[in-house]
>>> print(open('coords-v9.txt').read())   # compact mmCIF, C-alpha atoms
# COMPACT_ATOMS: atom_id res chain seq x y z
CA MET A 117 219.45 9.40 -55.25
CA PHE A 118 219.80 12.06 -52.54
CA PRO A 119 221.83 15.16 -53.42
CA VAL A 120 225.05 15.57 -51.43
CA ALA A 121 223.73 18.47 -49.34
CA ARG A 122 220.65 16.53 -48.21
CA THR A 123 222.63 13.40 -47.43
CA ARG A 124 225.11 15.34 -45.29
CA THR A 125 222.23 17.06 -43.50
CA LEU A 126 220.69 13.67 -42.65
CA ILE A 127 223.97 12.26 -41.41
CA GLY A 128 224.78 15.40 -39.45
CA PRO A 129 228.03 15.75 -37.51
CA ALA A 130 228.69 12.01 -37.72
CA ASP A 131 229.72 12.48 -41.35
CA PRO A 132 233.57 12.18 -41.32
CA ALA A 133 233.73 14.20 -44.55
CA ARG A 134 231.44 16.96 -43.33
CA SER A 135 234.16 19.64 -43.45
CA VAL A 136 235.89 18.29 -46.56
CA THR A 137 235.56 20.00 -49.92
CA VAL A 138 235.11 17.31 -52.54
CA ALA A 139 237.65 17.38 -55.36
CA PRO A 140 236.70 16.75 -58.99
CA PRO A 141 235.56 13.15 -59.56
CA SER A 142 238.10 10.52 -60.52
CA VAL A 143 235.71 9.25 -63.20
CA ALA A 144 234.28 11.60 -65.80
CA ALA A 145 230.52 11.72 -66.33
CA ARG A 146 230.94 10.41 -69.89
CA GLU A 147 232.87 7.41 -68.57
CA LEU A 148 230.13 6.58 -66.04
CA ILE A 149 227.49 6.83 -68.75
CA ASP A 150 229.50 4.48 -70.97
CA ARG A 151 229.81 1.99 -68.11
CA ALA A 152 226.13 2.16 -67.25
CA GLY A 153 225.21 1.58 -70.87
CA VAL A 154 226.93 -1.79 -71.08
CA VAL A 155 224.84 -3.48 -68.39
CA GLU A 156 221.26 -4.64 -68.58
CA PRO A 157 218.41 -2.32 -67.53
CA ALA A 158 218.20 -1.55 -63.83
CA ALA A 159 214.85 -3.31 -63.55
CA HIS A 160 216.61 -6.64 -64.11
CA ARG A 161 219.31 -6.06 -61.53
CA ARG A 162 219.09 -7.11 -57.91
CA ALA A 163 219.92 -4.60 -55.23
CA ARG A 164 222.65 -5.85 -52.96
CA PRO A 165 224.03 -4.55 -49.67
CA THR A 166 227.15 -2.39 -49.84
CA ARG A 167 229.09 -5.01 -47.89
CA ARG A 168 228.85 -7.31 -50.92
CA LEU A 169 230.40 -4.81 -53.30
CA VAL A 170 233.62 -6.79 -53.11
CA LEU A 171 235.97 -7.95 -55.80
CA THR A 172 239.40 -9.50 -55.82
CA ALA A 173 241.78 -10.22 -58.67
CA GLY A 174 242.47 -13.61 -57.10
CA THR A 175 240.57 -15.97 -54.82
CA LEU A 176 240.76 -14.46 -51.35
CA ALA A 177 237.82 -16.13 -49.67
CA ALA A 178 240.17 -18.38 -47.71
CA ALA A 179 242.67 -15.62 -46.95
CA ALA A 180 241.16 -14.47 -43.67
CA GLY A 181 243.09 -11.64 -42.06
CA ALA A 182 245.18 -10.90 -45.15
CA VAL A 183 246.21 -7.93 -47.15
CA ALA A 184 247.42 -8.29 -50.70
CA VAL A 185 250.14 -7.42 -53.16
CA LEU A 186 249.85 -7.41 -56.91
CA ARG A 187 252.20 -9.78 -58.68
CA PRO A 188 252.46 -10.77 -62.33
CA SER A 189 251.47 -14.40 -62.92
CA GLY A 190 254.48 -16.69 -62.56
CA GLU A 191 256.70 -13.99 -61.00
CA SER A 192 257.50 -13.07 -57.41
CA THR A 193 258.22 -9.36 -57.87
CA PRO A 194 255.47 -7.03 -56.63
CA ASP A 195 253.89 -4.54 -58.96
CA ALA A 196 256.02 -1.39 -58.92
CA PRO A 197 254.51 1.88 -57.70
CA GLY A 198 252.90 3.74 -60.53
CA GLY A 199 252.99 0.64 -62.73
CA PRO A 200 250.00 -0.76 -64.59
CA GLY A 201 248.61 -2.53 -61.53
CA GLY A 202 245.69 -3.91 -63.47
CA ALA A 203 247.14 -5.36 -66.63
CA ALA A 204 246.17 -8.80 -67.86
CA GLY A 205 247.86 -11.54 -65.86
CA LEU A 206 248.14 -9.66 -62.58
CA VAL A 207 246.61 -11.46 -59.63
CA LEU A 208 246.33 -10.76 -55.94
CA VAL A 209 248.58 -12.81 -53.70
CA PRO A 210 247.44 -12.73 -50.05
CA VAL A 211 250.00 -11.70 -47.46
CA ALA A 212 249.20 -12.73 -43.89
CA TYR A 213 249.27 -10.28 -41.02
CA GLN A 214 252.16 -10.78 -38.63
CA PHE A 215 249.55 -10.95 -35.87
CA ASP A 216 246.50 -12.66 -37.33
CA ALA A 217 244.84 -14.50 -34.44
CA ASP A 218 244.44 -12.56 -31.18
CA PRO A 219 246.28 -9.39 -32.29
CA PRO A 220 247.44 -7.17 -29.41
CA ALA A 221 246.03 -3.73 -28.68
CA ALA A 222 247.51 -1.11 -30.98
CA GLY A 223 247.93 1.67 -28.41
CA PRO A 224 251.39 0.85 -26.96
CA ARG A 225 252.85 0.04 -30.41
CA LEU A 226 251.51 3.27 -31.96
CA ARG A 227 252.95 5.37 -29.13
CA ALA A 228 256.32 3.64 -29.51
CA LEU A 229 256.22 4.29 -33.26
CA ALA A 230 255.34 7.97 -32.71
CA ASN A 231 258.38 8.36 -30.45
CA LYS A 232 260.90 7.00 -32.96
CA ILE A 233 259.77 8.23 -36.40
CA LYS A 234 262.24 10.13 -38.57
CA ASP A 235 261.97 12.89 -41.16
CA ALA A 236 260.44 12.10 -44.54
CA GLY A 237 262.09 13.39 -47.72
CA TYR A 238 259.46 16.10 -48.10
CA ASP A 239 260.16 17.46 -44.60
CA HIS A 240 263.17 19.25 -46.12
CA ARG A 241 261.44 20.50 -49.25
CA SER A 242 259.22 23.45 -50.08
CA GLY A 243 257.16 24.55 -53.03
CA ARG A 244 254.02 26.30 -54.17
CA TYR A 245 252.00 23.11 -54.58
CA MET A 246 251.23 20.08 -52.44
CA PHE A 247 251.55 17.07 -54.73
CA HIS A 248 249.71 13.80 -54.16
CA HIS A 249 249.76 10.67 -56.27
CA THR A 250 247.17 8.06 -55.26
CA LYS A 251 245.76 4.86 -56.68
CA VAL A 252 242.46 3.19 -55.83
CA TRP A 253 241.23 -0.34 -56.52
CA GLY A 254 237.54 -1.27 -56.42
CA ASP A 255 236.04 2.15 -57.16
CA PRO A 256 233.52 1.31 -58.40
CA VAL A 257 232.63 -2.39 -58.63
CA MET A 258 230.00 -3.70 -61.07
CA SER A 259 228.29 -7.08 -61.11
CA SER A 260 226.29 -8.86 -63.77
CA PRO A 261 222.50 -9.20 -63.24
CA ASP A 262 222.92 -12.81 -62.09
CA ASP A 263 225.68 -11.75 -59.64
CA ARG A 264 228.12 -14.24 -61.17
CA HIS A 265 230.52 -11.95 -63.01
CA HIS A 266 232.28 -8.99 -61.43
CA VAL A 267 234.63 -6.22 -62.47
CA ALA A 268 236.51 -3.71 -60.30
CA PHE A 269 237.69 -0.44 -61.79
CA VAL A 270 241.12 0.97 -60.99
CA GLY A 271 241.90 4.67 -60.93
CA GLU A 272 245.04 6.73 -60.51
CA THR A 273 245.02 10.41 -59.53
CA LYS A 274 247.66 13.14 -59.38
CA VAL A 275 246.86 16.43 -57.66
CA TRP A 276 248.86 19.68 -57.51
CA GLN A 277 247.19 22.05 -55.04
CA ALA A 278 248.28 25.41 -53.65
CA ALA A 279 247.46 26.78 -50.21
CA ASP A 280 244.40 28.61 -51.61
CA GLY A 281 243.02 25.38 -53.12
CA THR A 282 243.82 26.21 -56.72
CA GLY A 283 245.86 23.89 -58.88
CA SER A 284 245.32 20.95 -61.21
CA GLN A 285 244.23 17.32 -61.06
CA ALA A 286 244.84 14.47 -63.50
CA ASN A 287 242.78 11.27 -63.44
CA SER A 288 243.63 8.02 -65.21
CA GLN A 289 241.40 4.98 -65.58
CA LEU A 290 243.59 1.88 -65.62
CA GLU A 291 242.83 -1.65 -66.72
CA PRO A 292 240.01 -3.15 -64.61
CA GLN A 293 240.46 -6.29 -62.54
CA TYR A 294 238.44 -9.48 -62.35
CA PRO A 295 238.01 -12.26 -59.78
CA ASP A 296 238.23 -15.05 -62.35
CA GLU A 297 238.59 -15.75 -66.06
CA GLU A 298 234.84 -16.12 -66.55
CA SER A 299 234.29 -12.60 -65.27
CA ARG A 300 237.11 -11.31 -67.43
CA ALA A 301 235.61 -12.86 -70.57
CA TYR A 302 232.10 -11.63 -69.70
CA TRP A 303 233.06 -8.01 -69.02
CA GLN A 304 235.57 -7.69 -71.86
CA ARG A 305 232.64 -8.36 -74.20
CA LYS A 306 230.56 -5.71 -72.44
CA LEU A 307 232.94 -2.89 -71.59
CA PRO A 308 234.24 -0.29 -74.05
CA GLN A 309 237.78 -1.24 -74.98
CA GLY A 310 240.92 0.86 -75.10
CA ARG A 311 240.19 3.18 -72.17
CA GLY A 312 242.70 1.84 -69.65
CA GLY A 313 245.83 3.98 -69.33
CA ASP A 314 244.51 6.83 -71.50
CA ASP A 315 246.59 10.00 -71.25
CA PRO A 316 244.80 12.14 -68.65
CA SER A 317 243.99 15.81 -69.10
CA LEU A 318 244.65 18.34 -66.36
CA ILE A 319 241.49 19.52 -64.59
CA PRO A 320 241.70 22.99 -62.97
CA LEU A 321 240.89 23.09 -59.26
CA PRO A 322 238.77 25.94 -57.86
CA PRO A 323 239.78 28.05 -54.86
CA MET A 324 238.88 26.53 -51.50
CA GLU A 325 239.82 26.98 -47.87
CA LEU A 326 242.63 24.65 -46.87
CA SER A 327 243.65 24.65 -43.22
CA PRO A 328 246.72 22.46 -42.56
CA PRO A 329 246.14 19.86 -39.82
CA PRO A 330 247.32 21.07 -36.40
CA ALA A 331 249.79 19.35 -34.08
CA ASP A 332 247.72 20.41 -31.06
CA PRO A 333 246.20 17.18 -29.65
CA ALA A 334 242.78 18.63 -28.81
CA ARG A 335 242.30 20.23 -32.23
CA LEU A 336 243.63 17.16 -34.00
CA ARG A 337 241.26 14.88 -32.10
CA LYS A 338 238.35 17.02 -33.28
CA LEU A 339 239.63 17.01 -36.87
CA LEU A 340 239.95 13.21 -36.81
CA LYS A 341 236.33 12.77 -35.62
CA ILE A 342 237.53 10.79 -32.61
CA GLU A 343 234.15 11.12 -30.89
CA TYR A 344 232.59 8.97 -33.64
CA GLY A 345 234.95 6.05 -33.12
CA PRO A 346 237.88 4.30 -34.82
CA GLY A 347 236.07 3.79 -38.15
CA ALA A 348 235.45 7.50 -38.66
CA ALA A 349 238.97 8.28 -37.46
CA SER A 350 240.48 5.83 -39.95
CA LYS A 351 238.68 7.49 -42.84
CA ALA A 352 239.62 10.94 -41.57
CA VAL A 353 243.31 9.96 -41.39
CA SER A 354 243.15 8.74 -44.99
CA THR A 355 241.51 12.00 -46.08
CA LEU A 356 244.17 14.11 -44.35
CA TYR A 357 247.06 12.23 -45.92
CA ALA A 358 245.51 12.38 -49.38
CA ARG A 359 244.93 16.14 -49.07
CA TYR A 360 247.91 17.55 -47.13
CA VAL A 361 251.67 17.06 -46.92
CA ILE A 362 251.84 16.09 -43.25
CA PRO A 363 254.92 17.33 -41.31
CA ARG A 364 256.71 15.09 -38.82
CA PRO A 365 255.24 16.59 -35.59
CA VAL A 366 251.69 16.13 -36.92
CA ARG A 367 252.46 12.60 -38.14
CA ALA A 368 253.62 11.70 -34.64
CA GLN A 369 250.58 13.30 -33.02
CA ILE A 370 248.19 11.45 -35.35
CA LEU A 371 249.71 8.16 -34.17
CA ARG A 372 249.32 9.20 -30.52
CA VAL A 373 245.69 10.23 -31.04
CA LEU A 374 244.94 6.88 -32.69
CA ALA A 375 246.69 5.10 -29.82
CA ASP A 376 244.01 6.33 -27.42
CA LEU A 377 241.17 4.78 -29.43
CA PRO A 378 239.65 1.58 -28.03
CA GLY A 379 239.33 -1.37 -30.40
CA LEU A 380 242.34 -0.73 -32.64
CA ARG A 381 244.43 -3.89 -33.00
CA TRP A 382 248.10 -4.15 -33.94
CA ARG A 383 248.75 -6.37 -36.99
CA GLY A 384 252.51 -5.89 -37.20
CA GLN A 385 254.54 -6.17 -40.37
CA VAL A 386 252.58 -6.22 -43.65
CA THR A 387 253.12 -5.41 -47.32
CA ASP A 388 250.87 -3.00 -49.17
CA ARG A 389 249.49 -3.55 -52.66
CA VAL A 390 252.45 -1.94 -54.40
CA GLY A 391 255.02 -3.98 -52.48
CA ARG A 392 256.03 -1.53 -49.74
CA ALA A 393 256.73 -2.80 -46.23
CA GLY A 394 254.81 -1.19 -43.39
CA VAL A 395 253.09 -1.78 -40.08
CA ALA A 396 249.32 -2.10 -39.83
CA VAL A 397 246.46 -1.49 -37.44
CA THR A 398 242.85 -2.60 -37.91
CA TYR A 399 239.47 -1.91 -36.40
CA ASP A 400 236.56 -4.36 -36.74
CA ASP A 401 233.19 -2.64 -36.96
CA ARG A 402 231.07 -5.70 -36.23
CA GLU A 403 227.83 -3.75 -36.34
CA HIS A 404 228.35 -2.87 -40.01
CA GLY A 405 230.45 -5.91 -40.98
CA VAL A 406 233.47 -3.83 -42.01
CA GLN A 407 237.15 -3.83 -41.08
CA PHE A 408 239.24 -0.67 -41.43
CA LEU A 409 242.94 -1.08 -42.16
CA LEU A 410 245.69 1.56 -41.95
CA ILE A 411 249.26 0.83 -43.06
CA PHE A 412 252.02 3.18 -41.86
CA ASP A 413 255.63 3.62 -42.93
CA GLU A 414 257.66 2.37 -39.97
CA GLY A 415 260.43 4.90 -40.61
CA THR A 416 258.49 8.14 -41.13
CA GLY A 417 255.11 7.29 -39.58
CA GLY A 418 253.37 8.41 -42.77
CA LEU A 419 250.30 6.67 -44.14
CA LEU A 420 250.97 4.24 -46.99
CA ALA A 421 247.51 2.72 -47.52
CA HIS A 422 243.94 2.66 -46.28
CA GLU A 423 241.54 -0.19 -46.87
CA MET A 424 237.91 -0.93 -46.04
CA LEU A 425 237.33 -4.68 -45.99
CA THR A 426 234.15 -6.64 -45.58
CA LEU A 427 234.32 -9.21 -42.80
CA ALA A 428 232.43 -11.78 -44.92
CA PRO A 429 232.13 -13.47 -47.34
CA VAL A 430 235.35 -12.16 -49.00
CA ARG A 431 237.98 -10.03 -47.32
CA LEU A 432 238.67 -7.27 -49.86
CA SER A 433 236.86 -4.05 -50.69
CA ALA A 434 238.05 -0.52 -51.54
CA TYR A 435 241.82 0.02 -51.26
CA GLN A 436 243.79 3.25 -51.63
CA VAL A 437 247.56 3.68 -51.68
CA ILE A 438 249.40 7.00 -51.42
CA LEU A 439 252.22 6.57 -53.90
CA ASP A 440 253.75 10.00 -53.39
CA SER A 441 253.24 13.08 -51.22
CA SER A 442 255.54 16.08 -51.53
CA TRP A 443 256.05 19.76 -52.34
CA THR A 444 256.75 21.14 -55.80
CA ASP A 445 256.76 24.38 -57.77
CA HIS A 446 255.67 22.71 -60.99
CA VAL A 447 252.45 21.13 -62.29
CA GLY A 448 252.67 18.04 -64.45
>>> encode(input="coords-v9.txt", output="structure tokens")
Amino acid sequence: MFPVARTRTLIGPADPARSVTVAPPSVAARELIDRAGVVEPAAHRRARPTRRLVLTAGTLAAAAGAVAVLRPSGESTPDAPGGPGGAAGLVLVPVAYQFDADPPAAGPRLRALANKIKDAGYDHRSGRYMFHHTKVWGDPVMSSPDDRHHVAFVGETKVWQAADGTGSQANSQLEPQYPDEESRAYWQRKLPQGRGGDDPSLIPLPPMELSPPPADPARLRKLLKIEYGPGAASKAVSTLYARYVIPRPVRAQILRVLADLPGLRWRGQVTDRVGRAGVAVTYDDREHGVQFLLIFDEGTGGLLAHEMLTLAPVRLSAYQVILDSSWTDHVG
């Protein structure tokens, strides 16, 4: 495995995270060792392309062009933000894009959205710390040696970070998800039990340089890696929203910058994985077989969710939701 510094050197300026300081990992080293120890030796495993590291908690192979909400089996109410989101019985229910076939170009819709957004609650707050509460599905995904049984891990993170980078971070590993009952039975025999939902400890954050994103279009375009295309820009937008509390003028400018990108398609009204309504744009990177999805709050223009989906054979990959973003004077 290449060290981070060497990998970033090889990628060069095309790395969308080149200027990002990496926060403490969402999974502790001990946890990764425990996970690695429950699978068969590496010599018996088959290497598979990244595009196949896909897992759903329901059958989504036929749900082309869909995003998903979590619902308890037999109920119609979406999983509430901050809820278990991975408990036994929860399955993914596909929700179709408003514009599935032949979606229109996103540019005019994004500009219209930028012109009408309103203040978010945090626009009228202040505090010492930026607070972010995020949740990620499918990080990481593990498969059995015969590639028949899969498990996706679910993590939840809360970060309190001051302007100088210092603060605290809390990571929780939630109940994993499975594509079918056979996978559930297989991995529940293999995985250590009782880890999901453990009370997290606060991890201190070291000082680092944090420069708030600018509203100036030229500087913002550079920060969003526009020259490397819509895929890099999508990831950069997700990074910004997970790191900073974005004020209204910058939120509007981000939408306008994205509107100038070729290849972004407007998907209209969608529902994210915690049941929030939003509007979505996608970009299909056919060369790498990946679709990037961004879901925005139609009222404030803020980012609700970011997803990287494989274009085949199944439509779901890594998915992050931003459950909360605000200012506070208190940690915990």
>>> residues_around(input="coords-v9.txt", residues="Gly237 in chain A", least_positions_apart="6", cutoff="12 Å", atoms="all atoms listed in the file", output="list of chain:residue names")
A:Val361, A:Ile362, A:Pro363, A:Arg364, A:Gly415, A:Thr416, A:Gly418, A:Asp440, A:Ser441, A:Ser442, A:Trp443
>>> closest_residue(input="coords-v9.txt", among="A:Asp263, A:Glu403, A:Glu343, A:Asp332", to="Val366 in chain A", atoms="all atoms listed in the file")
A:Asp332
>>> closest_residue(input="coords-v9.txt", among="A:Ile319, A:Val395, A:Ala278, A:Val267", to="Glu297 in chain A", atoms="all atoms listed in the file")
A:Val267
>>> residues_around(input="coords-v9.txt", residues="Leu318 in chain A", least_positions_apart="5", cutoff="7 Å", atoms="all atoms listed in the file", output="list in words")
Ser284, Gln285 and Ala286 of chain A
>>> atom_distance(input="coords-v9.txt", atom1="CA of Pro256 in chain A", atom2="CA of Asp400 in chain A")
22.6 Å
>>> atom_distance(input="coords-v9.txt", atom1="CA of Leu229 in chain A", atom2="CA of Arg372 in chain A")
8.9 Å
>>> atom_distance(input="coords-v9.txt", atom1="CA of Gly394 in chain A", atom2="CA of Gln214 in chain A")
11.0 Å
>>> residues_around(input="coords-v9.txt", residues="Lys251 in chain A", least_positions_apart="4", cutoff="7 Å", atoms="all atoms listed in the file", output="number ranges by chain")
A: 271-273, 436-438
>>> residues_around(input="coords-v9.txt", residues="Gln369 in chain A", least_positions_apart="6", cutoff="12 Å", atoms="all atoms listed in the file", output="list in words")
Leu226, Arg227, Ala228, Leu229, Ala230, Asn231, Ile233, Pro329, Pro330, Ala331, Asp332, Pro333, Ala334, Arg335, Leu336, Arg337, Leu340, Val353, Ile362, Pro363, Ala375, Asp376, Gly417 and Gly418 of chain A
>>> closest_residue(input="coords-v9.txt", among="A:Val406, A:Leu307, A:Val447, A:Met424", to="Gly243 in chain A", atoms="only C-alpha atoms")
A:Val447
>>> closest_residue(input="coords-v9.txt", among="A:Gly281, A:Pro219, A:Pro365, A:Pro378", to="Lys232 in chain A", atoms="all atoms listed in the file")
A:Pro365
>>> closest_residue(input="coords-v9.txt", among="A:Phe412, A:Tyr399, A:Trp382, A:Tyr435", to="Ile370 in chain A", atoms="only C-alpha atoms")
A:Phe412
>>> decode(input="coords-v9.txt", residues="range 348-362 of chain A", atoms="N, CA and C atoms", output="compact mmCIF listing (two decimals), in the first residue's frame")
# COMPACT_ATOMS: atom_id res chain seq x y z
N ALA A 348 -14.60 15.78 -9.83
CA ALA A 348 -13.74 16.38 -8.81
C ALA A 348 -14.48 17.50 -8.09
N ALA A 349 -15.26 18.28 -8.82
CA ALA A 349 -16.01 19.37 -8.20
C ALA A 349 -17.05 18.84 -7.23
N SER A 350 -17.71 17.74 -7.58
CA SER A 350 -18.71 17.15 -6.69
C SER A 350 -18.09 16.73 -5.37
N LYS A 351 -16.94 16.08 -5.45
CA LYS A 351 -16.26 15.66 -4.22
C LYS A 351 -15.78 16.85 -3.41
N ALA A 352 -15.32 17.90 -4.11
CA ALA A 352 -14.85 19.09 -3.40
C ALA A 352 -15.99 19.80 -2.69
N VAL A 353 -17.18 19.85 -3.32
CA VAL A 353 -18.34 20.45 -2.67
C VAL A 353 -18.69 19.69 -1.40
N SER A 354 -18.68 18.37 -1.48
CA SER A 354 -18.97 17.54 -0.31
C SER A 354 -17.96 17.79 0.81
N THR A 355 -16.69 17.93 0.45
CA THR A 355 -15.64 18.19 1.44
C THR A 355 -15.86 19.54 2.12
N LEU A 356 -16.19 20.56 1.33
CA LEU A 356 -16.41 21.90 1.90
C LEU A 356 -17.56 21.89 2.90
N TYR A 357 -18.66 21.26 2.52
CA TYR A 357 -19.84 21.27 3.39
C TYR A 357 -19.64 20.43 4.65
N ALA A 358 -18.78 19.43 4.58
CA ALA A 358 -18.51 18.61 5.76
C ALA A 358 -17.45 19.24 6.66
N ARG A 359 -16.79 20.29 6.19
CA ARG A 359 -15.72 20.92 6.95
C ARG A 359 -16.10 22.30 7.48
N TYR A 360 -16.87 23.07 6.69
CA TYR A 360 -17.17 24.45 7.04
C TYR A 360 -18.67 24.66 7.20
N VAL A 361 -19.04 25.71 7.94
CA VAL A 361 -20.42 26.18 7.98
C VAL A 361 -20.52 27.24 6.89
N ILE A 362 -21.20 26.91 5.81
CA ILE A 362 -21.17 27.72 4.60
C ILE A 362 -22.22 28.83 4.66
